[in-house]
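Engineer: File name target_15.pdb; file contents PDB, C-alpha atoms and all ligand atoms; full text below.
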ATOM      1  CA  MET J 220       0.000   0.000   0.000
ATOM      2  CA  GLU J 221       1.254   3.438  -0.964
ATOM      3  CA  ILE J 222       0.864   6.265   1.535
ATOM      4  CA  ILE J 223       0.595   9.797   0.189
ATOM      5  CA  THR J 224       0.372  12.828   2.441
ATOM      6  CA  SER J 225       0.503  15.786   0.059
ATOM      7  CA  THR J 226      -2.434  16.966  -2.041
ATOM      8  CA  LYS J 227      -0.114  17.797  -4.968
ATOM      9  CA  ALA J 228       1.558  14.365  -4.914
ATOM     10  CA  MET J 229      -1.844  12.658  -4.689
ATOM     11  CA  GLN J 230      -3.215  14.577  -7.667
ATOM     12  CA  GLU J 231      -0.100  13.889  -9.754
ATOM     13  CA  ARG J 232      -0.316  10.194  -8.896
ATOM     14  CA  ALA J 233      -3.995  10.094  -9.859
ATOM     15  CA  ILE J 234      -3.264  11.783 -13.207
ATOM     16  CA  GLU J 235      -0.489   9.284 -13.862
ATOM     17  CA  LEU J 236      -2.686   6.294 -12.989
ATOM     18  CA  LYS J 237      -5.452   7.536 -15.266
ATOM     19  CA  LYS J 238      -2.991   8.072 -18.126
ATOM     20  CA  GLN J 239      -1.961   4.448 -17.690
ATOM     21  CA  GLY J 240      -5.632   3.505 -18.087
ATOM     22  CA  HIS J 241      -6.324   2.482 -14.491
ATOM     23  CA  SER J 242      -9.763   2.955 -12.966
ATOM     24  CA  ILE J 243      -9.859   4.604  -9.551
ATOM     25  CA  GLY J 244     -12.374   3.843  -6.809
ATOM     26  CA  PHE J 245     -12.416   6.159  -3.814
ATOM     27  CA  THR J 246     -13.685   5.928  -0.275
ATOM     28  CA  PRO J 247     -13.375   9.022   1.930
ATOM     29  CA  THR J 248     -13.244   8.424   5.701
ATOM     30  CA  MET J 249     -12.384  10.103   8.967
ATOM     31  CA  GLY J 250     -10.398   7.076  10.111
ATOM     32  CA  PHE J 251     -10.583   4.932  13.250
ATOM     33  CA  LEU J 252     -11.491   2.243  10.787
ATOM     34  CA  HIS J 253     -14.004  -0.523  11.379
ATOM     35  CA  GLU J 254     -15.744  -3.210   9.329
ATOM     36  CA  GLY J 255     -18.104  -0.626   7.795
ATOM     37  CA  HIS J 256     -15.210   1.270   6.204
ATOM     38  CA  LEU J 257     -13.586  -1.983   5.118
ATOM     39  CA  LYS J 258     -16.769  -3.068   3.392
ATOM     40  CA  LEU J 259     -16.558   0.061   1.213
ATOM     41  CA  VAL J 260     -12.968  -0.889   0.355
ATOM     42  CA  LYS J 261     -14.025  -4.419  -0.509
ATOM     43  CA  HIS J 262     -16.635  -3.156  -2.970
ATOM     44  CA  SER J 263     -14.172  -0.688  -4.463
ATOM     45  CA  SER J 264     -11.378  -3.197  -4.947
ATOM     46  CA  GLN J 265     -13.769  -5.584  -6.677
ATOM     47  CA  GLN J 266     -14.810  -2.896  -9.141
ATOM     48  CA  ASN J 267     -11.651  -0.824  -9.754
ATOM     49  CA  ASP J 268      -7.946  -1.293 -10.507
ATOM     50  CA  ILE J 269      -6.933   1.145  -7.779
ATOM     51  CA  THR J 270      -8.677   1.865  -4.481
ATOM     52  CA  VAL J 271      -7.862   5.128  -2.767
ATOM     53  CA  MET J 272      -8.942   5.694   0.823
ATOM     54  CA  SER J 273      -8.571   9.080   2.462
ATOM     55  CA  ILE J 274      -8.405   9.629   6.187
ATOM     56  CA  PHE J 275      -9.048  13.204   7.198
ATOM     57  CA  VAL J 276     -10.990  14.460  10.185
ATOM     58  CA  ASN J 277     -12.476  17.453   8.435
ATOM     59  CA  PRO J 278     -12.795  20.392  10.854
ATOM     60  CA  LEU J 279     -15.257  22.139   8.525
ATOM     61  CA  GLN J 280     -17.995  19.589   9.107
ATOM     62  CA  PHE J 281     -17.928  19.812  12.918
ATOM     63  CA  GLY J 282     -19.942  22.430  14.800
ATOM     64  CA  PRO J 283     -18.350  24.486  17.607
ATOM     65  CA  ASN J 284     -19.787  22.244  20.346
ATOM     66  CA  GLU J 285     -19.191  18.961  18.553
ATOM     67  CA  ASP J 286     -16.543  16.302  19.018
ATOM     68  CA  PHE J 287     -13.798  17.396  16.568
ATOM     69  CA  ASP J 288     -11.053  17.295  19.241
ATOM     70  CA  ALA J 289     -12.410  14.144  20.873
ATOM     71  CA  TYR J 290     -13.018  12.293  17.576
ATOM     72  CA  PRO J 291     -11.170   8.944  17.924
ATOM     73  CA  ARG J 292      -7.912   8.724  15.971
ATOM     74  CA  ASP J 293      -5.358   5.913  15.540
ATOM     75  CA  VAL J 294      -3.490   6.283  12.261
ATOM     76  CA  GLU J 295      -1.015   3.451  12.845
ATOM     77  CA  ARG J 296      -3.813   0.949  13.427
ATOM     78  CA  ASP J 297      -5.705   2.366  10.424
ATOM     79  CA  LYS J 298      -2.682   1.888   8.145
ATOM     80  CA  LYS J 299      -2.567  -1.833   8.963
ATOM     81  CA  LEU J 300      -6.323  -2.302   8.535
ATOM     82  CA  ALA J 301      -6.389  -0.395   5.249
ATOM     83  CA  ASP J 302      -3.434  -2.359   3.897
ATOM     84  CA  ASN J 303      -4.981  -5.712   4.855
ATOM     85  CA  ALA J 304      -8.324  -4.717   3.370
ATOM     86  CA  GLY J 305      -6.806  -4.032  -0.052
ATOM     87  CA  VAL J 306      -6.418  -0.243  -0.164
ATOM     88  CA  SER J 307      -3.924   0.639  -2.924
ATOM     89  CA  ILE J 308      -3.279   4.238  -1.862
ATOM     90  CA  LEU J 309      -3.925   5.693   1.570
ATOM     91  CA  PHE J 310      -4.215   9.459   1.345
ATOM     92  CA  LEU J 311      -3.455  11.188   4.658
ATOM     93  CA  PRO J 312      -3.476  14.929   4.032
ATOM     94  CA  GLU J 313      -2.511  17.524   6.626
ATOM     95  CA  ARG J 314      -5.045  20.136   7.619
ATOM     96  CA  SER J 315      -2.630  22.923   6.537
ATOM     97  CA  ASP J 316      -2.388  21.342   3.083
ATOM     98  CA  MET J 317      -6.148  20.845   2.646
ATOM     99  CA  TYR J 318      -6.991  24.323   3.922
ATOM    100  CA  PRO J 319      -3.825  26.402   3.352
ATOM    101  CA  ASN J 320      -5.536  29.766   3.545
ATOM    102  CA  GLU J 321      -8.867  31.440   4.196
ATOM    103  CA  PRO J 322     -11.133  30.040   1.430
ATOM    104  CA  SER J 323     -12.503  32.406  -1.208
ATOM    105  CA  PHE J 324     -15.614  30.286  -1.701
ATOM    106  CA  GLU J 325     -18.275  28.974   0.602
ATOM    107  CA  ILE J 326     -20.329  25.977  -0.429
ATOM    108  CA  ASN J 327     -23.939  26.056   0.673
ATOM    109  CA  VAL J 328     -25.990  22.895   0.222
ATOM    110  CA  ALA J 329     -29.451  24.220  -0.576
ATOM    111  CA  LYS J 330     -31.541  21.051  -0.655
ATOM    112  CA  ARG J 331     -31.899  17.856   1.365
ATOM    113  CA  THR J 332     -30.326  19.517   4.432
ATOM    114  CA  ASP J 333     -33.224  21.137   6.322
ATOM    115  CA  VAL J 334     -34.044  17.766   7.904
ATOM    116  CA  LEU J 335     -32.288  15.052   9.959
ATOM    117  CA  CYS J 336     -28.590  15.775  10.695
ATOM    118  CA  GLY J 337     -28.664  18.827   8.425
ATOM    119  CA  ARG J 338     -31.113  20.454  10.824
ATOM    120  CA  SER J 339     -29.465  19.368  14.059
ATOM    121  CA  ARG J 340     -25.917  20.015  12.794
ATOM    122  CA  PRO J 341     -26.096  23.391  10.987
ATOM    123  CA  GLY J 342     -23.323  23.792   8.424
ATOM    124  CA  HIS J 343     -22.336  20.116   8.628
ATOM    125  CA  PHE J 344     -23.181  19.280   5.022
ATOM    126  CA  ASN J 345     -21.584  22.504   3.745
ATOM    127  CA  GLY J 346     -18.372  21.209   5.310
ATOM    128  CA  VAL J 347     -18.906  17.722   3.872
ATOM    129  CA  ALA J 348     -19.581  19.097   0.377
ATOM    130  CA  THR J 349     -16.527  21.383   0.526
ATOM    131  CA  ILE J 350     -14.109  18.600   1.430
ATOM    132  CA  LEU J 351     -15.647  16.240  -1.124
ATOM    133  CA  ILE J 352     -15.323  18.743  -3.975
ATOM    134  CA  LYS J 353     -11.654  19.055  -3.056
ATOM    135  CA  LEU J 354     -11.101  15.312  -2.697
ATOM    136  CA  PHE J 355     -12.929  14.520  -5.953
ATOM    137  CA  ASN J 356     -10.669  16.997  -7.778
ATOM    138  CA  ILE J 357      -7.516  15.657  -6.138
ATOM    139  CA  ILE J 358      -8.248  11.936  -6.600
ATOM    140  CA  MET J 359     -10.382  12.040  -9.756
ATOM    141  CA  PRO J 360     -12.165   8.729  -9.092
ATOM    142  CA  GLU J 361     -14.608   7.100 -11.494
ATOM    143  CA  LYS J 362     -16.509   5.533  -8.626
ATOM    144  CA  VAL J 363     -17.017   6.671  -5.020
ATOM    145  CA  TYR J 364     -18.265   4.479  -2.189
ATOM    146  CA  PHE J 365     -20.401   5.841   0.635
ATOM    147  CA  GLY J 366     -22.128   3.993   3.462
ATOM    148  CA  MET J 367     -25.902   4.023   3.796
ATOM    149  CA  LYS J 368     -25.502   4.489   7.553
ATOM    150  CA  ASP J 369     -25.048   8.135   6.586
ATOM    151  CA  ALA J 370     -28.037   8.081   4.247
ATOM    152  CA  GLN J 371     -28.454  11.850   4.200
ATOM    153  CA  GLN J 372     -24.811  12.134   3.159
ATOM    154  CA  VAL J 373     -25.537   9.733   0.277
ATOM    155  CA  ALA J 374     -28.498  11.932  -0.751
ATOM    156  CA  VAL J 375     -26.341  15.090  -0.602
ATOM    157  CA  VAL J 376     -23.429  13.497  -2.513
ATOM    158  CA  ASP J 377     -25.900  12.309  -5.143
ATOM    159  CA  SER J 378     -26.987  15.962  -5.641
ATOM    160  CA  LEU J 379     -23.390  17.228  -5.509
ATOM    161  CA  ILE J 380     -22.304  14.886  -8.294
ATOM    162  CA  LYS J 381     -25.315  15.737 -10.460
ATOM    163  CA  ASP J 382     -25.348  19.509  -9.827
ATOM    164  CA  PHE J 383     -21.633  19.944 -10.552
ATOM    165  CA  ASN J 384     -21.377  17.344 -13.343
ATOM    166  CA  PHE J 385     -18.668  15.314 -11.670
ATOM    167  CA  PRO J 386     -17.908  12.353 -13.961
ATOM    168  CA  ILE J 387     -18.318  10.090 -10.964
ATOM    169  CA  HIS J 388     -20.576   7.158 -10.213
ATOM    170  CA  LEU J 389     -21.868   7.006  -6.630
ATOM    171  CA  ILE J 390     -22.105   3.547  -5.105
ATOM    172  CA  PRO J 391     -24.085   3.391  -1.841
ATOM    173  CA  VAL J 392     -23.055   0.491   0.402
ATOM    174  CA  GLU J 393     -25.363  -1.168   2.912
ATOM    175  CA  THR J 394     -24.765  -0.528   6.619
ATOM    176  CA  GLU J 395     -22.433  -2.987   8.305
ATOM    177  CA  ARG J 396     -23.705  -4.020  11.730
ATOM    178  CA  GLU J 397     -22.480  -5.772  14.841
ATOM    179  CA  GLU J 398     -24.075  -9.159  15.463
ATOM    180  CA  ASP J 399     -26.666  -7.565  17.744
ATOM    181  CA  GLY J 400     -27.690  -5.098  15.041
ATOM    182  CA  LEU J 401     -25.802  -2.005  16.218
ATOM    183  CA  ALA J 402     -24.514  -0.069  13.194
ATOM    184  CA  ARG J 403     -20.732  -0.001  13.270
ATOM    185  CA  SER J 404     -19.387   3.456  13.981
ATOM    186  CA  SER J 405     -16.084   4.980  15.057
ATOM    187  CA  ARG J 406     -18.051   6.683  17.831
ATOM    188  CA  ASN J 407     -19.235   3.379  19.387
ATOM    189  CA  VAL J 408     -16.008   3.304  21.454
ATOM    190  CA  TYR J 409     -17.451   6.157  23.491
ATOM    191  CA  LEU J 410     -20.416   4.137  24.732
ATOM    192  CA  SER J 411     -20.350   2.992  28.356
ATOM    193  CA  ASP J 412     -21.025  -0.731  28.918
ATOM    194  CA  GLU J 413     -24.612   0.031  29.821
ATOM    195  CA  GLU J 414     -25.085   2.246  26.765
ATOM    196  CA  ARG J 415     -23.476  -0.367  24.548
ATOM    197  CA  ASN J 416     -26.080  -2.848  25.769
ATOM    198  CA  GLN J 417     -28.871  -0.399  24.996
ATOM    199  CA  ALA J 418     -27.566   0.824  21.632
ATOM    200  CA  PRO J 419     -28.834  -2.146  19.529
ATOM    201  CA  HIS J 420     -32.348  -0.992  20.430
ATOM    202  CA  LEU J 421     -31.947   1.921  18.014
ATOM    203  CA  TYR J 422     -32.057  -0.464  15.074
ATOM    204  CA  LYS J 423     -34.701  -2.605  16.767
ATOM    205  CA  GLY J 424     -36.828   0.538  17.140
ATOM    206  CA  LEU J 425     -36.422   1.295  13.435
ATOM    207  CA  GLN J 426     -37.419  -2.290  12.659
ATOM    208  CA  LYS J 427     -40.579  -1.862  14.760
ATOM    209  CA  GLY J 428     -41.458   1.146  12.604
ATOM    210  CA  ALA J 429     -40.784  -0.804   9.411
ATOM    211  CA  GLU J 430     -42.884  -3.689  10.693
ATOM    212  CA  ALA J 431     -45.814  -1.344  11.371
ATOM    213  CA  ILE J 432     -45.579  -0.105   7.779
ATOM    214  CA  ARG J 433     -45.481  -3.651   6.454
ATOM    215  CA  ASN J 434     -48.593  -4.342   8.536
ATOM    216  CA  GLY J 435     -50.411  -1.521   6.760
ATOM    217  CA  GLU J 436     -49.673   1.616   8.790
ATOM    218  CA  ILE J 437     -49.565   4.624   6.475
ATOM    219  CA  ASN J 438     -49.511   7.524   8.921
ATOM    220  CA  PRO J 439     -45.895   8.783   9.309
ATOM    221  CA  ALA J 440     -46.637  10.261  12.763
ATOM    222  CA  THR J 441     -47.880   6.895  14.037
ATOM    223  CA  VAL J 442     -44.798   5.108  12.715
ATOM    224  CA  ILE J 443     -42.513   7.693  14.345
ATOM    225  CA  HIS J 444     -44.435   7.360  17.604
ATOM    226  CA  ILE J 445     -43.915   3.580  17.605
ATOM    227  CA  VAL J 446     -40.151   4.004  17.122
ATOM    228  CA  GLU J 447     -39.996   6.760  19.732
ATOM    229  CA  GLU J 448     -41.855   4.779  22.384
ATOM    230  CA  TYR J 449     -39.657   1.742  21.770
ATOM    231  CA  ILE J 450     -36.450   3.753  22.127
ATOM    232  CA  LYS J 451     -37.648   5.641  25.205
ATOM    233  CA  THR J 452     -38.629   2.365  26.863
ATOM    234  CA  ASN J 453     -35.423   0.517  26.028
ATOM    235  CA  THR J 454     -32.643   3.116  26.253
ATOM    236  CA  ASN J 455     -31.583   6.102  28.361
ATOM    237  CA  GLY J 456     -30.435   7.923  25.225
ATOM    238  CA  LYS J 457     -31.802  11.378  24.441
ATOM    239  CA  ILE J 458     -33.618  11.410  21.121
ATOM    240  CA  ASP J 459     -32.249  14.118  18.827
ATOM    241  CA  TYR J 460     -34.642  13.271  15.985
ATOM    242  CA  ILE J 461     -36.740  10.476  14.527
ATOM    243  CA  GLU J 462     -38.075  11.264  11.068
ATOM    244  CA  LEU J 463     -39.826   9.491   8.223
ATOM    245  CA  LEU J 464     -39.140  11.033   4.803
ATOM    246  CA  SER J 465     -39.051  10.196   1.122
ATOM    247  CA  PHE J 466     -35.690   8.906  -0.092
ATOM    248  CA  PRO J 467     -33.476  10.281  -1.611
ATOM    249  CA  ASP J 468     -35.343  13.600  -1.818
ATOM    250  CA  LEU J 469     -35.776  13.691   1.972
ATOM    251  CA  GLU J 470     -39.169  15.347   1.822
ATOM    252  CA  ALA J 471     -41.885  15.101   4.474
ATOM    253  CA  LEU J 472     -44.807  12.835   3.586
ATOM    254  CA  ASN J 473     -48.484  13.016   4.510
ATOM    255  CA  LYS J 474     -48.790   9.329   3.985
ATOM    256  CA  VAL J 475     -46.235   6.558   3.733
ATOM    257  CA  HIS J 476     -45.654   5.723   0.076
ATOM    258  CA  GLY J 477     -42.846   4.993  -2.372
ATOM    259  CA  LYS J 478     -39.248   4.706  -1.226
ATOM    260  CA  ILE J 479     -38.958   6.013   2.322
ATOM    261  CA  ILE J 480     -36.388   6.347   5.082
ATOM    262  CA  ILE J 481     -36.947   6.191   8.805
ATOM    263  CA  ALA J 482     -33.891   7.809  10.380
ATOM    264  CA  LEU J 483     -32.881   8.690  13.905
ATOM    265  CA  ALA J 484     -30.160  10.280  15.979
ATOM    266  CA  VAL J 485     -29.856   9.490  19.677
ATOM    267  CA  LYS J 486     -27.426  11.083  22.111
ATOM    268  CA  PHE J 487     -25.756   8.986  24.752
ATOM    269  CA  SER J 488     -23.411  10.542  27.316
ATOM    270  CA  LYS J 489     -20.392  10.819  25.006
ATOM    271  CA  ALA J 490     -21.622   9.601  21.627
ATOM    272  CA  ARG J 491     -24.374  10.707  19.321
ATOM    273  CA  LEU J 492     -25.413   7.703  17.223
ATOM    274  CA  ILE J 493     -27.353   7.699  13.967
ATOM    275  CA  ASP J 494     -29.074   4.899  12.118
ATOM    276  CA  ASN J 495     -31.776   4.422   9.522
ATOM    277  CA  ILE J 496     -33.815   1.922   7.603
ATOM    278  CA  ILE J 497     -34.976   2.299   4.003
ATOM    279  CA  LEU J 498     -38.123   0.685   2.672
ATOM    280  CA  GLU J 499     -39.761   0.411  -0.704
ATOM    281  CA  THR J 500     -43.465   0.731   0.025
ATOM    282  CA  GLN J 501     -46.402   0.424  -2.306
ATOM    283  CA  SER J 502     -47.546   3.736  -3.771
TER     284      SER J 502
HETATM  285  P1  LIG G   1     -16.723   8.186   8.532
HETATM  286  O1  LIG G   1     -15.307   7.770   8.745
HETATM  287  O2  LIG G   1     -17.599   7.927   9.715
HETATM  288  O3  LIG G   1     -16.845   9.586   7.968
HETATM  289  O4  LIG G   1     -17.295   7.228   7.414
HETATM  290  C1  LIG G   1     -16.647   7.079   6.172
HETATM  291  C2  LIG G   1     -17.526   6.299   5.255
HETATM  292  O5  LIG G   1     -17.801   5.018   5.821
HETATM  293  C3  LIG G   1     -18.892   6.960   5.013
HETATM  294  O6  LIG G   1     -19.276   6.749   3.651
HETATM  295  C4  LIG G   1     -19.788   6.199   5.938
HETATM  296  O7  LIG G   1     -21.144   6.204   5.546
HETATM  297  C5  LIG G   1     -19.191   4.809   5.845
HETATM  298  N1  LIG G   1     -19.597   4.026   7.011
HETATM  299  C6  LIG G   1     -19.493   4.374   8.310
HETATM  300  N2  LIG G   1     -20.032   3.419   9.090
HETATM  301  C7  LIG G   1     -20.490   2.456   8.266
HETATM  302  C8  LIG G   1     -21.156   1.202   8.459
HETATM  303  N3  LIG G   1     -21.471   0.754   9.678
HETATM  304  N4  LIG G   1     -21.488   0.477   7.366
HETATM  305  C9  LIG G   1     -21.188   0.906   6.116
HETATM  306  N5  LIG G   1     -20.550   2.075   5.870
HETATM  307  C10 LIG G   1     -20.210   2.842   6.920
END
As structure tokens, what does this structure read like?

Structural biologist:
Amino acid sequence: MEIITSTKAMQERAIELKKQGHSIGFTPTMGFLHEGHLKLVKHSSQQNDITVMSIFVNPLQFGPNEDFDAYPRDVERDKKLADNAGVSILFLPERSDMYPNEPSFEINVAKRTDVLCGRSRPGHFNGVATILIKLFNIIMPEKVYFGMKDAQQVAVVDSLIKDFNFPIHLIPVETEREEDGLARSSRNVYLSDEERNQAPHLYKGLQKGAEAIRNGEINPATVIHIVEEYIKTNTNGKIDYIELLSFPDLEALNKVHGKIIIALAVKFSKARLIDNIILETQS
């Protein structure tokens, strides 16, 4: 596995690889790798000659009271995991190289962000879009791999690629879970033992909502209420949001129909966890 730390060297390498006719698959991450990240790599290495993974904890996508400083980091461990998983190039840029001076442009994501994490984390997706525009231009991938755990991110990246005509194909990858159903996340290390035992109930709550829909429930508020009651009964987490929306447009619905997402964010003492379930319902 090659390790590249400079943006210029990464871009030159990408240009060279493309000249040689190699296809590039790319998976951006913030590191502290787990099976979810490695699943993206697996898909990429099956479909491309070269798989690039970036690790960069992007300050722009964290709010002032969020966990940028506390975000878990372990680059040495990540290097081994990435290498074993089949990453061809690990891109580890420095903050001063990614953001060398005060930017002249501000990216504002205008759609798909007034709900879910976009609402509870103002500016988050502007930061995500900014770093992705930069990374897409540095790495020039044909295919990019994003996890469905961050379904709103998938919806925003889908718009980003279409709105700015990036010649990139977005591949969403299903959420990788622990055996008990908890979605794998770098932030899971911050759960206490008690919280770790409760955390699988987030997905179970979502499944209760999905089950109600499969049993004929069409009122979004009722579905949300079922999920909410389940989570309140089974965890001490503080619910940030539970929403049912169309997917990928992320619009509110009067009645459950078409492709929908039920998504939630729940705050435990040191970790805010998100999860979702997507269903194709009858129109
Ligand atoms: P992060 O390092 O948390 O920014 O995540 C980097 C990429 O990995 C994003 O596309 C995430 O959606 C994806 N990812 C994170 N957790 C999982 C998971 N449990 N299953 C699948 N993909 C994931």

Engineer: Taking only C-alpha atoms and all ligand atoms into account, name the residue in J:Glu430, J:Glu321, J:Glu397, J:Glu414 that is nearest to ligand LIG 1 (chain G).

Structural biologist: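 Using only C-alpha atoms and all ligand atoms, the shortest distance to ligand LIG 1 (chain G) belongs to J:Glu397.
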
Engineer: Tell me which of J:Thr226, J:Ser273, J:Thr452, J:Thr349 sits closest to Ser323 in chain J, counting all atoms listed in the file.

Structural biologist: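 Once distances to Ser323 in chain J are computed over all atoms listed in the file, the minimum belongs to J:Thr349.
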
Engineer: So how many Å separate CA of Ala429 in chain J and CA of Glu395 in chain J, to one decimal?

Structural biologist: 18.5 Å

Engineer: Can you give me, as a PDB file with C-alpha atoms, in the coordinates of the input, the residues this file yields under the PyMOL selection byres (((not hetatm)) within 8 of (chain G and resi 1))?

Structural biologist:
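As written to disk, out-v6.pdb reads:
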ATOM      1  CA  THR J 246     -13.685   5.928  -0.275  1.00  0.00           C
ATOM      2  CA  PRO J 247     -13.375   9.022   1.930  1.00  0.00           C
ATOM      3  CA  THR J 248     -13.244   8.424   5.701  1.00  0.00           C
ATOM      4  CA  MET J 249     -12.384  10.103   8.967  1.00  0.00           C
ATOM      5  CA  GLY J 250     -10.398   7.076  10.111  1.00  0.00           C
ATOM      6  CA  PHE J 251     -10.583   4.932  13.250  1.00  0.00           C
ATOM      7  CA  LEU J 252     -11.491   2.243  10.787  1.00  0.00           C
ATOM      8  CA  HIS J 253     -14.004  -0.523  11.379  1.00  0.00           C
ATOM      9  CA  GLU J 254     -15.744  -3.210   9.329  1.00  0.00           C
ATOM     10  CA  GLY J 255     -18.104  -0.626   7.795  1.00  0.00           C
ATOM     11  CA  HIS J 256     -15.210   1.270   6.204  1.00  0.00           C
ATOM     12  CA  LYS J 258     -16.769  -3.068   3.392  1.00  0.00           C
ATOM     13  CA  LEU J 259     -16.558   0.061   1.213  1.00  0.00           C
ATOM     14  CA  ILE J 274      -8.405   9.629   6.187  1.00  0.00           C
ATOM     15  CA  VAL J 276     -10.990  14.460  10.185  1.00  0.00           C
ATOM     16  CA  TYR J 364     -18.265   4.479  -2.189  1.00  0.00           C
ATOM     17  CA  PHE J 365     -20.401   5.841   0.635  1.00  0.00           C
ATOM     18  CA  GLY J 366     -22.128   3.993   3.462  1.00  0.00           C
ATOM     19  CA  MET J 367     -25.902   4.023   3.796  1.00  0.00           C
ATOM     20  CA  LYS J 368     -25.502   4.489   7.553  1.00  0.00           C
ATOM     21  CA  ASP J 369     -25.048   8.135   6.586  1.00  0.00           C
ATOM     22  CA  ALA J 370     -28.037   8.081   4.247  1.00  0.00           C
ATOM     23  CA  GLN J 372     -24.811  12.134   3.159  1.00  0.00           C
ATOM     24  CA  VAL J 373     -25.537   9.733   0.277  1.00  0.00           C
ATOM     25  CA  VAL J 392     -23.055   0.491   0.402  1.00  0.00           C
ATOM     26  CA  GLU J 393     -25.363  -1.168   2.912  1.00  0.00           C
ATOM     27  CA  THR J 394     -24.765  -0.528   6.619  1.00  0.00           C
ATOM     28  CA  GLU J 395     -22.433  -2.987   8.305  1.00  0.00           C
ATOM     29  CA  ARG J 396     -23.705  -4.020  11.730  1.00  0.00           C
ATOM     30  CA  ALA J 402     -24.514  -0.069  13.194  1.00  0.00           C
ATOM     31  CA  ARG J 403     -20.732  -0.001  13.270  1.00  0.00           C
ATOM     32  CA  SER J 404     -19.387   3.456  13.981  1.00  0.00           C
ATOM     33  CA  SER J 405     -16.084   4.980  15.057  1.00  0.00           C
TER      34      SER J 405
END

Engineer: What is the distance between CA of Asp293 in chain J and CA of Phe275 in chain J, in Å to one decimal?

Structural biologist: 11.7 Å

Engineer: Measuring atom to atom with all atoms listed in the file, identify which of J:Val376, J:Ala329, J:Met229, J:Leu335 is nearest to Ala471 in chain J.

Structural biologist: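 Answer, going by the shortest atom-to-atom distance: J:Leu335.
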
Engineer: Using the chain letters and residue numbers of this document, give as JSON, numbers by chain the residues selected by the PyMOL selection byres (((chain J and resi 269) around 12) and not hetatm).

Structural biologist: {"J": [220, 221, 232, 233, 236, 237, 239, 240, 241, 242, 243, 244, 245, 246, 260, 261, 262, 263, 264, 265, 266, 267, 268, 270, 271, 272, 305, 306, 307, 308, 309, 358, 359, 360, 361, 362, 363]}

Engineer: Considering all atoms listed in the file, can you say which of J:Ile234, J:Gln371, J:Ile222, J:Gly342 comes closest to Glu470 in chain J?

Structural biologist: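 That would be J:Gln371, the residue with the smallest distance to Glu470 in chain J.
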
Engineer: Nearest to Tyr290 in chain J among J:Lys330, J:Lys423, J:Lys489, J:Lys353, with distances taken over only C-alpha atoms: which residue is it?

Structural biologist: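 Ranked by minimum distance to Tyr290 in chain J, first place goes to J:Lys489.
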
Engineer: What does the structure give for the distance between CA of Phe287 in chain J and CA of Arg338 in chain J, in Å to one decimal?

Structural biologist: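 These atoms are spaced 18.5 Å apart.
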
Engineer: Could you tell me which residues the PyMOL selection byres (((chain J and resi 438) around 9) and not hetatm) returns for this structure, as JSON, numbers by chain?

Structural biologist: {"J": [432, 436, 437, 439, 440, 441, 442, 443, 472, 473, 474, 475]}

Engineer: As a list in words, please: the residues near Tyr318 in chain J (cut-off 10 Å, all atoms listed in the file, same-chain neighbours under 3 positions excluded).

Structural biologist: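 Answer for this query is Asn277, Pro278, Leu279, Glu313, Arg314, Ser315, Glu321, Pro322, Ile350 and Lys353 of chain J.
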
Engineer: Have a look at J:Phe281, J:Tyr409, J:Phe383, J:Phe310 and name the one nearest to Thr224 in chain J; count only C-alpha atoms.

Structural biologist: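 So, comparing all the options, the nearest one is J:Phe310.
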
Engineer: Compile the contact shell of Leu421 in chain J as a PyMOL selection string: residues with an atom at most 9 Å away, counting only C-alpha atoms, same-chain residues fewer than 5 positions apart removed.

Structural biologist: chain J and resi 400-401+426+446+449-450+453-454+483-485+492-495

Engineer: Keeping only C-alpha atoms, take the residues you just selected and write them out as a compact mmCIF listing (two decimals), keeping the file's coordinate frame.

Structural biologist:
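Output contents, as saved in again-v3.txt:
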# COMPACT_ATOMS: atom_id res chain seq x y z
CA GLY J 400 -27.69 -5.10 15.04
CA LEU J 401 -25.80 -2.00 16.22
CA GLN J 426 -37.42 -2.29 12.66
CA VAL J 446 -40.15 4.00 17.12
CA TYR J 449 -39.66 1.74 21.77
CA ILE J 450 -36.45 3.75 22.13
CA ASN J 453 -35.42 0.52 26.03
CA THR J 454 -32.64 3.12 26.25
CA LEU J 483 -32.88 8.69 13.90
CA ALA J 484 -30.16 10.28 15.98
CA VAL J 485 -29.86 9.49 19.68
CA LEU J 492 -25.41 7.70 17.22
CA ILE J 493 -27.35 7.70 13.97
CA ASP J 494 -29.07 4.90 12.12
CA ASN J 495 -31.78 4.42 9.52

Engineer: Excluding same-chain residues fewer than 5 positions from Leu498 in chain J, what lies within 12 Å of it counting all atoms listed in the file, as a ChimeraX atom specification?

Structural biologist: /J:425-426,428-433,463-467,475-482
